[in-house]
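Here the structure is laid out as C-alpha cells; the discussion comes afterwards.
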Amino acid sequence: MAWIVEALASLLLIAGGVFLFIGSLGMAHLKDFYMRLHGPTKATTLGIGFMLVASMLYFWGYEGSPDIQEILITLFLFITAPVSAHLLAKTGLHLQLRRIDVTEGKPVELRPEEVGERPVPHPDKGHG
Amino acid sequence: MIKPRSWLPTPVLSILLLLVWLLLVRSVAFGQIVLGSALAVAIPLATYRFWDAEPRIGRPLKLLRFALRVLKDIVIANFEVAYLISNPWRKLRPHFIEYPLMLEERFTITLLASTISLTPGTVSANLRMDGKSLLIHALDVDDEEALIEQIRKRYEQPLKEIYEC
Amino acid sequence: MLTLALYITLTLVSTALILNLYRLAVGPDLPDRVLALDTMYINSIALIVLLGLWLNTKTYFESALLIAMLGFISTVAVCKYILRGDIIE
Amino acid sequence: MELLYAITTGVLTACGLYLTLRGRTFPVVVGLTLLSYAVNLFLFSMGGLTTDGAALVNQQQGAIADPLPQALVLTAIVIGFAMTAFVVILAMRARSEAGNDHVDGKKEDRE
Amino acid sequence: MTQHLIVLPVVLPLIAGILLLYQRQGIVRYKRIVSIVSTALLLLVSIGLVNQAASGEITYYALGDWQPPFGIALVLDRLSAMMVLLTSVLAVGAVVYACAGDDEKGSNFHGLFQWQLMGINGAFLTGDLFNLFVFFEVLLLASYALLLHGGGKARIQASVHYVVLNLAGSSLFLIGVGVLYGATGTLNMADMAQRLAELPPEREGLVTAGALILLVVFGLKAAILPLYFWLPRAYANAPAPVAALFAIMTKVGIYAILRVYSLIFGDQAGSLTALEQPWVWWFALATLAIAGVSVLAAKDLRLLVAYLVLVSVGTLLAGIGMRTPEAVSALLYYLIHTTLVTGGLFLLADMIGAQRGKPGTRLVKGRPLVQGQWLALAFFIGAIAVAGLPPLSGALGKALMLNAAEGMQRLWLWPLLLLAGLSSLIALSRAGSTLFWRSQRGTATGKKLPREQWFGVIWLLSAAPLLVIFAGPVSHYTAAAAEQLANPLPLIEALMPDAGDNS
Amino acid sequence: MILLWIALLPLLGVVVPALLGQRDRVLSTRITAIAPALALLLTFSQVPALLDGETLRFSVGWMPELGLDLALRLDGLTLLFNLLILGIGLLILLYAHFYLSPEEPFDRFYAYLMLFMASMVGIAMSDNLILLWLFWELTSISSFLLIGYWSHQSDARKGARMALTVTGAGGLALLAGLLLLGDMVGSFDMNVVLASQDVILADPRYPLMLVLVLLGAFTKSAQFPFQFWLPHAMAAPTPVSAYLHSATMVKAGIFLMARLHPAIAGSELWSVIVSLTGTITLLYGAWFALFKTDLKGILAFSTVSHLGLITVLLGIGSPMAVLAALFHILNHATFKAALFMSAGIIDHETGTRELKMLGGLKKTMPVTALLTTLAAAAMAGVPLFNGFISKEMFFTETLATPVLGGLSWLLPVLATLGGILSVAYSLRLVHAVFFKPARKTPPKSPHEPPHLMRLPVEILVGLCVVVGLLPGLMASGVLSLAAQAVLGEPLEFHLSIWHGFNLPLLMSLAALAFGILMYWRHPDLRQLTQPFASVDARRVFERTIINMNQKADWLINKIEGHSLQRYMGLLLLSALVMGVIGLAPIAPLTGKLGNQPVDAIVLLGAAMLIFGGIATAATHRYRLISLLMLSVVGLFVALTFARFSAPDLALTQLSVEVVTMILLMLALFFLPQQTPRESSPLRNVRDILLASALGLVIASLNYAVLTTDTSSISDYFLANSKPGGGGYNVVNVILVDFRGFDTLGEITVLALAGLAIFKLLNRLRLFLPHSDGEGRVWSPDRYPAILTSISMALLPLALLVSAFIFLRGHNMPGGGFIAGLVTAVALILVYMARGVEWAQERLDFPFQPVAIAGVAIATLTGLGSWVFGYPFLTSTFAYFTLPLVGTFELASAMLFDLGVYLAVVGATLMILANLGKVTTAHRPTLEPSETEPEASSPDKETR
Ligand code: NA
Ligand code: NA
C-alpha cells in the first residue's frame, strides 16, 4: 500500500515539476507579452497544485493520518493568481505592448475612455 | 440552512472560515472548533463593512458542482496548453476577444474573470469600464464565437444561477 | 523512489526559476519583468514544498501559505504603479 | 556551503554599499535596503548554518539551529523596515523641498 | 519599588511617552504637565541611582528574571548612573524650554522627547551588546523625528545626511555585534569580557575585526574625525530643545566606546587589551584640530555651538585615548560640563535668534535686543565655560584633561587642546561682540522671552558655576567611576557570581 | 579665615552694584566701596603678623583630583599688591563715580570693576598654582568687559577682543607652564613650589616650562612683542585705563615673575630672556610714547616702557634688583594712575585727548596742571619724586649685572637711553597740554573738575611726593616685607634720596639733560619714526583674525564639502581599514568546522541572490526595474532563512518584503523615475572598488565565523524554552521572553517610525508627476473591479490566517509580529483596491492609538510582574483545563505578543495609509497640465 502512495506521490511531484517548467518555459520563449502571460498564471498554478497533492499523499503515508492542509495553498493561489494575470494584462494593454502580428481581434484593445486624456509632457523630464 | 442574522451576516463565509481554520490548525478537536467558530463569527462582523454588496448564494450545491467543473477544466485544459507551449512547431493563433457580459454584479464578474484566467488558453485582460464586456486574450483560437459560447454556457450561466437570481 | 522524484522535480523547478530569471533580466518591457517576478514567487512555493518533503517536515508550510496569499500583492502594486502611478489613491 | 554563503553575503553587501555611494536618494535607499538584507543574512549565519533543525524543541531532531541569531535578525528586520520606511519618505520629502533628489539637495541638476 | 529603580529610567519615559502619544491631539497643558512631571521624576530616580552607585557597589537588573549572561541585564555602576543623571538634568532644561511654545510647532513633541530619553537611558544602562543596538535605534529614530520637528528645508536636508549615515552605521553595528557573537558566543558584555580571557588565539582576529568595526560605529555616533560630518548641520538645524538634548547624543557614542572597550577589552583580554586605544587617540587629536579650525569658520551662532560640541568630542575622545584612570576621570568631569553647557548654549542661541528677528543667529549686525543685557550675561557665562576659561567649569575640566596627559601624550594634547581653546575664545568673543555690542542703532523691538525659556537656559548654564563650586565631590565621583572602569573585574563578578566555574 | 574674607569681599562687591541697579549712583558707589575698603582694612590688620615674619596661609580642599585647593596666602608681596589693588581700586571707584556720564549704566561698570578687583586680589593671594591660573584668566575676562564697556564704539570692541585674545592665549600658555611646573615638583601648592628651585632647575623640562610661564607673564604685562594690545585697550573708559594699565592687570605678569622668582629664576636662561625682553620693551615703549599725540596713547606706551623696566630688574634678579623692581611697581602704580586720571579729567572737561587740540590748560585748570606736572615729574624720574629713587636703583643694578656677559656695558647705556626718552615724553605731555599755547579750541570749554573727582589724583600725587621725599619712612616697611617674600629671606637695605655722587646719579642727570634736549628736537626725530608709525597693530591683528577666519572657512568647506557621498565613502573606508586589520592575522580563514557540502538548492539560491544583488546595482538608474531586482533578493533571502532552519525569519522576511515594496513604490511615484548619469567613470570605479573591498572583508569575516566552532549561550535557551518560557518555539520565546526587552525596544522603534513619518508627511509639498516616465497619461481605471472584489474576499481569510499565526507563535513558527504584518498587508490591499477615502470610511479609527496601545500592552505586561515582586517583563504561564475543550496554555508572553501585534498593525498602517492619503490629497484631479505642483496645504489630519 505504502509504495503505491509513494509512487503516486512521486508521479504527482514530477508532474507538478513539469507543469512549473512548462509554465516558465512558455514565459521564456513565447513571442509576445500576452502569450507569455498564459504560461505562468495557469500551468504554474496547476503545477503547484500537483506538488501539494503529492506532498499531502507523502505525509499521509509518512505520518499515517490524512492531512489536507496544503489544499489551502492552492485555494489561495486560485484566488490570487488570476488577479495578477488580469492586472498584468491590463498593464500590458495600457502600455500598448507589441503583440505578434498573427494576433487577431479588435484593432484597439482599449477604448478611448479607457486610455485617458491627451498625453502631457512629463514634468520631471529634466532628470529622468 | 443557516440564515443570515445580525450576529452572523454571512453564514457561508463563516462556514468557510471555520473550515479554513480547522485546516490551518490540522485538528478537529473541540477546543479548536470552539475557537474557530468564534473567529468565524467575529471576523465577518469585523469585515462586514468592507463588503459593499452582500453576495447571496442561492444554491450552494450548485456552487460546489461549478467548482468541481472548473477544477476539472483546469486540469484537462492545462494539458492542452502545456502541449501548445512546449511544442515548438505549433503555430499559435492568439486572439483578443471581446466578451459581452450578462453578469452585472462585480463580485460575480470577478469570479467569472478568475475562472476564465484559471482555465488555460484564456486570460481575462480587461474588464471594460462600463462593466458590460470583458476583453479576453486567448492563446490559440480557431473560432472566436465558439469560445464565447463555451464560456457563456460553462461558466457564466451557472454563476448567474448561483448568485444573481 | 521519492528521492529520485525529488531530484527530478528539483531540477525542473530550478530550470523554471532560471527561465524566470532570464525573462526578468531581458524584459523587454516592464510587465514582462513583473510577470517573471510573479512567477518566481509561485515557483518558490514549489521550492518550499520540496524542502518540506526533503526534510520530512511541515515547518515551512506557513511560508508557502504566505507566499500564496501575499505574493501577488507586490505584482498588484507594480501594476497599479504602472497604470496609475499612485498605488494608494 | 559556508564559502558559497559567505560569498553571497559579500556580493550583496558590496552591491548595497555601491548603491549607498550614489548621488541620488532613491538608489541610496535601495542600497540601504539591500545592505540590510545582506547584513541580516550575515547576522543570521553567526550561529552557523543548520540545514534541518528549526529551533522548535517539540520536534525530535538532530542538530538544532542557534535560535539566538534568529531572534536578533527578527529584531533587525523590523528595525530595518522601520528605518527604510523613514528614510524613503524622508527622501520624498527632501525632493519636494529641494526640487531635486540629490542627496545633498543641490540646486542645479546636472545631466 | 527600590529594587526596580534601575529599570525606571527606561520604563518611566516609556510610560510617559505612551500617555503622551496615545492621542495625537490633546490638551497642551496636560501634555506639558505629563512631560515635565515625568522628567522631574526621572531626575529624582537618577539621583537615587547615583546615590546607590556612589558606594561603588555594582548592581544589575535582570529583565524577565533571566539571569545574565542569558537574559538582558541593566547594569548600574558609577558611570551608568552618572550618565543617566546627566541625561535627566539636561532633559529637565530642554523640556521646560520646549514648553514655551516649541512643543506646539509640530506633532507629538513631548512623546517623542520622552522616548528619546528612553533610548538614551537604555543605551547607558544596558549590559548587553545587542540591546545596546536596539536602544541606539530607539534614540536615533526618536532623534530623526525630533530633528524634523517644526519643519523647514534646512532641517530636511541635514536629516538626509544624518539619517543615511546612521543607517549605514546601524548595518555596521549589526556586523560588529554579529562577529563578536560568532567569535565569543555571547552578547552580555561582562560575559564576553570573561570569555575573551580564554579566547583561542585563532579567534583573536575575528574579535579584533568585530571590535574595530564597532569602533567605527561608535565613532560615527560620537562624531570622530572622518565620521563627524553629519553633526554640524544636524545640530545647527535642530529645534532648540532638541539640539540641547542632542548634546548628550554624541556622548552616547563616547559612552559606548568607554564602556565596551574598558569592560570587554580590559586587562583580562590579553593581547586584545586596549585595542581601540591608538585609533581613538590619534583620531581624537585630529578631531580636536579640525574642530578648533571649524570654530573659527562658523558664521552662525548655532553652527558655532555645534562645532564647539565637536571640540568637546575631540577632547573627550582624547581622554579615552589616554586610557588611564586619571584621564577617564578628567573626561567624565569634562563630559558633564560640556553636555550641560553646550545644551544651554543651544537654547540660548535660539533665544538670541528669536530676539534678533531676521538675521537670526547669523553672526552679522542686528537690531538691539530686548532683554539684551540678560542674554548677554547668559551668553557670557556659557561662552566662558565652553571656552574653558575660569572661573567656570570648562577651565577645571580642561585643566584636568591637560593634567591627566602623561609623557609624550602631552606633546600632542597640550598644544591642540590649548589652541582649540584659544580659537574657541576668539570665535566666541567675536560672536558675542557682534551679537550684543555691534547692534544697530535704534530701539529694541521684539517680545520679552518666556519664563520657561529662561528657566531652561539658567538651569543648564548654572552647571558651569555649580561644577566649580562642587568640583571636589564631582571630581571625586568621576575619579571613583574611572577607577571602577579601569578594573572591570568586580562588575564581571557581580553579574556572574559563578564566574570562572564554567571555564 | 580673614584671608578668605579678604579674597571674598571684592567678589561679594560684584553682587552689590548688580543688585542695586541704576537707581542711585551715590548710594551705589558708597555701598560698593564698602567691600574693598573692608578688605583693605583686613589686609592692614594682618601686617603685624607679617612683621613677625609669618606667611599667613589659608587652605581648604577644593578639587583634590586636580591638586586644586582654595589656598590663599598673605605675605609681603601679596601685601604690596593688595595695597595697590584695593587702595587704588577705591580711588578709581570714586573717580569713576564722576567720570561716567549720567545715562551710562554704571551698575554694570561697577560690577565689572569689582570683578576685576576680585580677580586681581585672587592672583595676589593664590597659594596654589591652579588657583592662581583661575584668577589670572578671570582678569583677562573682566578686563575684556571693562575695555569693551563702551561697546557701541568699534574701537572698544576690537580693543577688548584683542586684549582678550592676547592675554587669553598667554593664559593658556601659562596654564601649560604651571601644570608642567606642578608636575616637576609634584604639587601645585605654592609653598612647595617656591621651595623647590633645585628640583625645578634640574628638570629637563625647565626651559619649556619657563618659556610657557613667561609667555603668560609677558602677554599680560605687555612685553615685547606682545605689547601691541595695550595701546588699543585705551579705548576703555579712563578709570579702566587708570586701574588696569597702571596698577593692576599689566602688573599681573610682573607679579607672576616676582611670585615665582624663588622657584624659577636663578638660571641664565631666565636672566637672558627676561632682561632682554624687558630692555627691548623699555626702549620700544618709550620711543613710541614720545610720538603719540593721544594723551592716553602716550601714557599707554609709557606704561609699556615702565613695565619693561621692571621686567629688566626682575631679569637681573639680584636682591637689590628685586627690591628696585618692587619699589618701581609701587611708584609706577601711583604716578601712572594719577596721570591716567588726570588725562581722564582733561578728556572729560575738554572733550578731547588729542594733543593737537589741547594746550594752555594751565590757565583754566591750574590745579590739574599742577598735579599732572608733579606726577609726570615722578614718571620722568626727577629727583625728590618717588620715580627718581627707583630709577636710580635701576641704573645701579644695570651697572652691576653681568647678565649680558661681554656686552654688559650695553645695558646701562640702554637704560640711560630709556631714561632720556622717559624724560622727553613726560616733558612733552606736560608742556603740550598745559603750557604750550593751544592751536585749536577743544570741543568743550575747559574748567576744573568737581573736587571729589580730583581727590584721587591729589592723594596719589601726594604719595608720589611723600614717598619721594621720605622713602625710608613711607615705603621701607612694605618693601622689606615684599622683598622678603620674593627673596625668601630678609633683605637689609636703606632707601634714601641721596646716595652720593656716583655713576647712577650721573646717568640720571644725563637722562634729564638729554631728555630735555630730545623733547626740544623731537619733531626732527619724528621723521625717523614715520615708517614704523604706519603699522597699526589693531589692523594687523584684525586682518590676521579675518584672514584666519577665511582660511578656516575655506579649509572646512574643503574638508566637509557638504557631500554625503564623501562622508559615506569615508565611513566605508574606515570600516574597511578596521576589518582588514582584524582579518590580517587570521592565517587560515577556514576554521575548525570546515565546509558542509553544497547542494543544488543552496547553489540555486546563491545564484539567485547574487544575480539579484548585482542586477539591483546595475539597473539602479532605472529605478522601478531596480526595485524588481531588489524584490528577487528579498524573496530569496526569505527562502535562505527557510533553507537554514529559520521558519520564523522566512515568514517575517516574506511579509516585510511585501510592505517594503509597496512603500518604496509609493515613494518612488514622487521621485524621478530614472537616475541621471552623473558620476564620472573614475568615481564609479572608485566606488565599485571600495564597495567590493568591503564586501570581500564582510565575506571573509562571515566565512571565518561560519567555520568557527564557538559554544554559545544558546544552549541555555534551547534547554529552558519550554520549562522556563512555556513555549516550544525557541525563537519566539527569546523574542517575547528571554529578550523581551529587545522586542519592546523594537516595537517602540516601529511606533516611532510611524510618528516620525507622520511628521515628515506634515505639510508636504509634493512634486507630482502628471504622467508616467514616457509621458503617457494614467489609466482612468482607478480601482480595477477585479482587484476590488478580490481584496474583499481576501480580507477575512487574511485575518483568519493572522489569528492563526498569532496564536501558534509561541510553540510553532509565527507570532505577533508576522500576524501584525499579515493583517496590515490585507488592509493595505483594501487601500490599494478601493482608495483611501473608501477604506478610511470603514477603518474610521486613528492608527496612532493602535500602535501606541500595542506598546502600552507590552509595557503593562512587563509591569504586571512587579505586582508579584518579579523584575520587569518576567513572564508566567499556566495550563488550564476546561471541560470538553481540554488543556490549553495561557502565557503572559502572549499578551506581550498581542502588544507587538497591535504595534505592528498600527505603525504599518500609520506609515502606509498616511502616505497614501497624503499623496491622494494632492493628486491633481482636473486638467493635469494646469495644476501647479502643489501649494502648501494646511496641516491635514490624517490618521
Ligand atoms: Na515566532
Ligand atoms: Na495615494
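Residue numbering restarts at 1 in every chain; chains get A, B, ... in the order shown in the C-alpha cells, and ligands count up from 1 in that same order.
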For chain B, list the residues within 10 Å of chain F, counting only C-alpha atoms, and write the list as an mmCIF file with C-alpha atoms, in the first residue's frame.
```cif
data_model
loop_
_atom_site.group_PDB
_atom_site.id
_atom_site.type_symbol
_atom_site.label_atom_id
_atom_site.label_comp_id
_atom_site.auth_asym_id
_atom_site.auth_seq_id
_atom_site.Cartn_x
_atom_site.Cartn_y
_atom_site.Cartn_z
ATOM 1 C CA LEU B 13 -18.405 32.796 4.692
ATOM 2 C CA SER B 14 -18.435 31.833 8.334
ATOM 3 C CA LEU B 16 -15.807 28.618 5.018
ATOM 4 C CA LEU B 17 -13.733 30.379 7.627
ATOM 5 C CA LEU B 18 -14.346 27.643 10.137
ATOM 6 C CA VAL B 20 -10.148 27.017 6.745
ATOM 7 C CA TRP B 21 -9.408 27.321 10.431
ATOM 8 C CA LEU B 24 -4.915 25.530 9.353
ATOM 9 C CA VAL B 25 -4.725 24.027 12.801
ATOM 10 C CA ALA B 29 -10.514 18.965 18.490
ATOM 11 C CA PHE B 30 -13.442 20.508 20.265
ATOM 12 C CA GLY B 31 -11.353 23.382 21.531
ATOM 13 C CA GLN B 32 -10.302 24.250 18.017
ATOM 14 C CA ILE B 33 -13.880 24.106 16.791
ATOM 15 C CA VAL B 34 -14.891 26.493 19.525
ATOM 16 C CA LEU B 35 -12.025 28.817 18.760
ATOM 17 C CA GLY B 36 -12.578 28.548 15.017
ATOM 18 C CA LEU B 39 -13.250 33.579 14.808
ATOM 19 C CA ALA B 40 -15.656 32.614 12.065
ATOM 20 C CA ALA B 42 -16.000 37.577 14.777
ATOM 21 C CA ILE B 43 -14.116 38.111 11.551
ATOM 22 C CA PRO B 44 -17.173 38.618 9.314
ATOM 23 C CA LEU B 45 -18.519 41.009 11.911
ATOM 24 C CA ALA B 46 -15.286 42.945 11.759
ATOM 25 C CA THR B 47 -15.051 42.928 7.982
ATOM 26 C CA TYR B 48 -18.729 43.211 7.195
ATOM 27 C CA ARG B 49 -18.344 46.852 6.337
ATOM 28 C CA PHE B 50 -15.858 46.049 3.640
ATOM 29 C CA TRP B 51 -18.412 44.134 1.603
ATOM 30 C CA ASP B 52 -20.280 46.596 -0.491
ATOM 31 C CA ARG B 106 -18.905 42.986 -9.607
ATOM 32 C CA PHE B 107 -18.242 40.028 -7.418
ATOM 33 C CA THR B 108 -19.680 37.525 -9.836
ATOM 34 C CA ILE B 109 -17.899 39.150 -12.718
ATOM 35 C CA THR B 110 -14.716 38.721 -10.751
ATOM 36 C CA LEU B 111 -15.465 35.074 -10.278
ATOM 37 C CA LEU B 112 -16.042 34.697 -13.963
ATOM 38 C CA ALA B 113 -12.918 36.595 -14.854
ATOM 39 C CA SER B 114 -10.896 34.481 -12.454
ATOM 40 C CA ASN B 126 -9.596 43.899 -19.166
ATOM 41 C CA LEU B 127 -12.982 44.490 -17.689
ATOM 42 C CA ARG B 128 -14.435 47.401 -19.592
ATOM 43 C CA MET B 129 -15.099 50.477 -17.567
ATOM 44 C CA GLY B 131 -18.780 46.667 -16.891
#
```
Considering only C-alpha atoms and all ligand atoms, tabulate each residue of chain C that lies at most 7 Å from ligand 2 along with its nearest interatomic pair and the corresponding distance in Å to one decimal; arrange the rows by chain and ascending residue number and present them as JSON lines.
```
{"residue": "C:Asp86", "atom": "CA", "partner": "ligand 2", "partner_atom_place_in_ligand_line": "1 (Na)", "distance": 5.3}
{"residue": "C:Ile87", "atom": "CA", "partner": "ligand 2", "partner_atom_place_in_ligand_line": "1 (Na)", "distance": 6.1}
{"residue": "C:Ile88", "atom": "CA", "partner": "ligand 2", "partner_atom_place_in_ligand_line": "1 (Na)", "distance": 4.0}
{"residue": "C:Glu89", "atom": "CA", "partner": "ligand 2", "partner_atom_place_in_ligand_line": "1 (Na)", "distance": 3.7}
```
Next item on the list: Using DSSP on the backbone coordinates, identify all residues within chain C classified as helix (DSSP H, G or I); present the result as a PyMOL selection string.
Entry: chain C and resi 2-26+30-55+61-84
Note to self: Using only C-alpha atoms and all ligand atoms, which residues have at least one atom no more than 7 Å from ligand 1? Output them as a PyMOL selection string.
What the structure shows: chain F and resi 648+729+731-732+809-810+812-815
May I have the selected residues written with N, CA, C and O atoms, as a compact mmCIF listing (two decimals), in the first residue's frame?
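Saved result, part-v6.txt, follows:
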```
# COMPACT_ATOMS: atom_id res chain seq x y z
N ASP F 648 10.56 31.19 11.25
CA ASP F 648 10.04 32.50 11.69
C ASP F 648 10.62 33.62 10.86
O ASP F 648 9.91 34.56 10.48
N ASN F 729 8.62 27.04 20.54
CA ASN F 729 9.34 27.80 19.52
C ASN F 729 10.35 28.71 20.22
O ASN F 729 10.02 29.77 20.73
N VAL F 731 12.73 30.56 19.18
CA VAL F 731 12.92 31.91 18.65
C VAL F 731 11.86 32.85 19.22
O VAL F 731 12.15 33.95 19.68
N ASN F 732 10.64 32.35 19.23
CA ASN F 732 9.56 33.18 19.76
C ASN F 732 9.73 33.43 21.25
O ASN F 732 9.50 34.53 21.74
N GLY F 809 2.26 31.18 17.59
CA GLY F 809 3.64 31.67 17.59
C GLY F 809 4.50 31.13 18.70
O GLY F 809 5.67 30.88 18.52
N HIS F 810 3.87 30.92 19.86
CA HIS F 810 4.69 30.56 20.99
C HIS F 810 5.29 29.16 20.83
O HIS F 810 6.36 28.86 21.34
N MET F 812 4.99 27.30 17.63
CA MET F 812 5.34 26.99 16.25
C MET F 812 5.73 28.31 15.59
O MET F 812 5.51 29.37 16.13
N PRO F 813 6.30 28.22 14.39
CA PRO F 813 6.66 29.48 13.72
C PRO F 813 5.47 30.41 13.62
O PRO F 813 4.36 30.00 13.31
N GLY F 814 5.70 31.66 13.90
CA GLY F 814 4.62 32.63 13.84
C GLY F 814 4.85 33.69 14.88
O GLY F 814 5.98 33.98 15.25
N GLY F 815 3.76 34.25 15.37
CA GLY F 815 3.91 35.25 16.42
C GLY F 815 3.30 36.58 16.04
O GLY F 815 2.81 36.77 14.92
```
Next item on the list: Show me which bits of chain D are within 10 Å of chain C, counting only C-alpha atoms, as a PyMOL selection string.
Entry: chain D and resi 51-54+56+59
Selection from above, N, CA, C and O atoms, as a JSON list (two decimals), in the first residue's frame, can you write it?
```json
[["chain", "number", "residue", "atom", "x", "y", "z"],
["D", 51, "THR", "N", 21.00, 22.85, 8.55],
["D", 51, "THR", "CA", 20.11, 22.53, 7.45],
["D", 51, "THR", "C", 18.73, 22.08, 7.91],
["D", 51, "THR", "O", 17.72, 22.54, 7.44],
["D", 52, "ASP", "N", 18.70, 21.20, 8.85],
["D", 52, "ASP", "CA", 17.40, 20.67, 9.24],
["D", 52, "ASP", "C", 17.26, 20.72, 10.74],
["D", 52, "ASP", "O", 17.45, 19.75, 11.43],
["D", 53, "GLY", "N", 16.93, 21.86, 11.26],
["D", 53, "GLY", "CA", 16.83, 21.92, 12.70],
["D", 53, "GLY", "C", 16.23, 23.22, 13.17],
["D", 53, "GLY", "O", 16.86, 23.98, 13.91],
["D", 54, "ALA", "N", 15.01, 23.50, 12.71],
["D", 54, "ALA", "CA", 14.35, 24.69, 13.20],
["D", 54, "ALA", "C", 14.29, 24.63, 14.72],
["D", 54, "ALA", "O", 14.15, 23.54, 15.29],
["D", 56, "LEU", "N", 12.58, 24.44, 17.16],
["D", 56, "LEU", "CA", 11.31, 24.07, 17.78],
["D", 56, "LEU", "C", 11.59, 22.85, 18.63],
["D", 56, "LEU", "O", 11.88, 21.78, 18.11],
["D", 59, "GLN", "N", 9.97, 19.09, 18.40],
["D", 59, "GLN", "CA", 10.18, 18.14, 17.31],
["D", 59, "GLN", "C", 11.52, 17.48, 17.51],
["D", 59, "GLN", "O", 12.55, 18.14, 17.64]]
```
Next item on the list: Considering only C-alpha atoms, return as a ChimeraX atom specification whatever protein or nucleic-acid residues lie within 8 Å of Thr91 of chain A, sequence-local ones (same chain, fewer than 4 positions apart) excluded.
Entry: /A:87,95 /C:31,79,82-83
Next item on the list: Define the interface residues of chain C facing chain A as those within 9 Å, counting only C-alpha atoms, and report them as a PyMOL selection string.
Entry: chain C and resi 1-6+8-20+22-23+29-32+34-36+38-40+42-43+45-46+49-50+52-53+56-58+61+64-73+75-76+79-80+82-83
Next item on the list: Considering only C-alpha atoms, extract the chain B residues located within 8 Å of chain A and return them as a VMD selection string.
Entry: chain B and resid 20 23 to 24 26 74 to 75 78 81 to 82 85 to 86 93 to 98 113 to 115 117 to 126 128 to 129 135 137 139
Atoms to include: C-alpha atoms. Write the selected residues as a PDB file, in the first residue's frame.
```
ATOM      1  CA  VAL B  20     -10.148  27.017   6.745  1.00  0.00           C
ATOM      2  CA  LEU B  23      -7.402  23.066   8.022  1.00  0.00           C
ATOM      3  CA  LEU B  24      -4.915  25.530   9.353  1.00  0.00           C
ATOM      4  CA  ARG B  26      -4.833  20.472  11.439  1.00  0.00           C
ATOM      5  CA  ILE B  74      -8.296  23.480 -15.266  1.00  0.00           C
ATOM      6  CA  VAL B  75      -6.611  20.094 -15.150  1.00  0.00           C
ATOM      7  CA  ASN B  78      -3.809  22.634 -18.752  1.00  0.00           C
ATOM      8  CA  VAL B  81      -1.886  24.325 -23.092  1.00  0.00           C
ATOM      9  CA  ALA B  82       1.216  22.565 -21.871  1.00  0.00           C
ATOM     10  CA  ILE B  85       3.510  25.864 -25.233  1.00  0.00           C
ATOM     11  CA  SER B  86       6.040  23.109 -25.362  1.00  0.00           C
ATOM     12  CA  ARG B  93      -3.161  31.849 -33.169  1.00  0.00           C
ATOM     13  CA  PRO B  94      -3.594  34.348 -30.353  1.00  0.00           C
ATOM     14  CA  HIS B  95      -6.771  36.342 -30.183  1.00  0.00           C
ATOM     15  CA  PHE B  96      -8.205  39.324 -28.423  1.00  0.00           C
ATOM     16  CA  ILE B  97     -11.832  38.631 -27.867  1.00  0.00           C
ATOM     17  CA  GLU B  98     -14.491  40.991 -26.678  1.00  0.00           C
ATOM     18  CA  ALA B 113     -12.918  36.595 -14.854  1.00  0.00           C
ATOM     19  CA  SER B 114     -10.896  34.481 -12.454  1.00  0.00           C
ATOM     20  CA  THR B 115     -12.342  31.348 -13.873  1.00  0.00           C
ATOM     21  CA  SER B 117      -7.991  33.255 -16.325  1.00  0.00           C
ATOM     22  CA  LEU B 118      -7.531  29.978 -14.500  1.00  0.00           C
ATOM     23  CA  THR B 119      -8.766  27.867 -17.329  1.00  0.00           C
ATOM     24  CA  PRO B 120      -5.923  27.640 -19.759  1.00  0.00           C
ATOM     25  CA  GLY B 121      -5.839  29.292 -23.040  1.00  0.00           C
ATOM     26  CA  THR B 122      -7.615  32.404 -21.918  1.00  0.00           C
ATOM     27  CA  VAL B 123      -6.763  35.346 -19.766  1.00  0.00           C
ATOM     28  CA  SER B 124      -9.253  37.994 -18.885  1.00  0.00           C
ATOM     29  CA  ALA B 125      -7.302  41.041 -19.849  1.00  0.00           C
ATOM     30  CA  ASN B 126      -9.596  43.899 -19.166  1.00  0.00           C
ATOM     31  CA  ARG B 128     -14.435  47.401 -19.592  1.00  0.00           C
ATOM     32  CA  MET B 129     -15.099  50.477 -17.567  1.00  0.00           C
ATOM     33  CA  LEU B 135     -11.607  41.672 -23.045  1.00  0.00           C
ATOM     34  CA  HIS B 137      -6.796  37.204 -24.620  1.00  0.00           C
ATOM     35  CA  LEU B 139      -3.673  31.774 -26.767  1.00  0.00           C
TER      36      LEU B 139
END
```
Margin query: At a cut-off of 7 Å, using only C-alpha atoms, what residues contact segment 89-94 of chain D? Leave out same-chain residues fewer than 3 positions from it and give the result as number ranges by chain.
Written below: D: 25, 85-86, 97-98, 101; E: 156-157, 160; F: 667, 670-671, 757, 760, 764
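Summary of the local environment: counting only C-alpha atoms, residues at most 9 Å from segment 369-379 of chain E, other than itself and those fewer than 5 positions away along its chain, are Leu345, Leu348, Ala349, Met351, Ile352, Gln355, Arg356, Ile384, Gly432, Leu435, Phe436, Ser439, Thr443, Ala444, Thr445, Gly446, Lys447, Lys448, Leu449, Val457, Ile458 and Leu461 of chain E.
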Checklist line | Contacts of Asn51 of chain E within 10 Å, only C-alpha atoms, excl. fewer than 6 positions in-chain, as an MDAnalysis selection string | finding: chainID E and resid 45 78 81:82
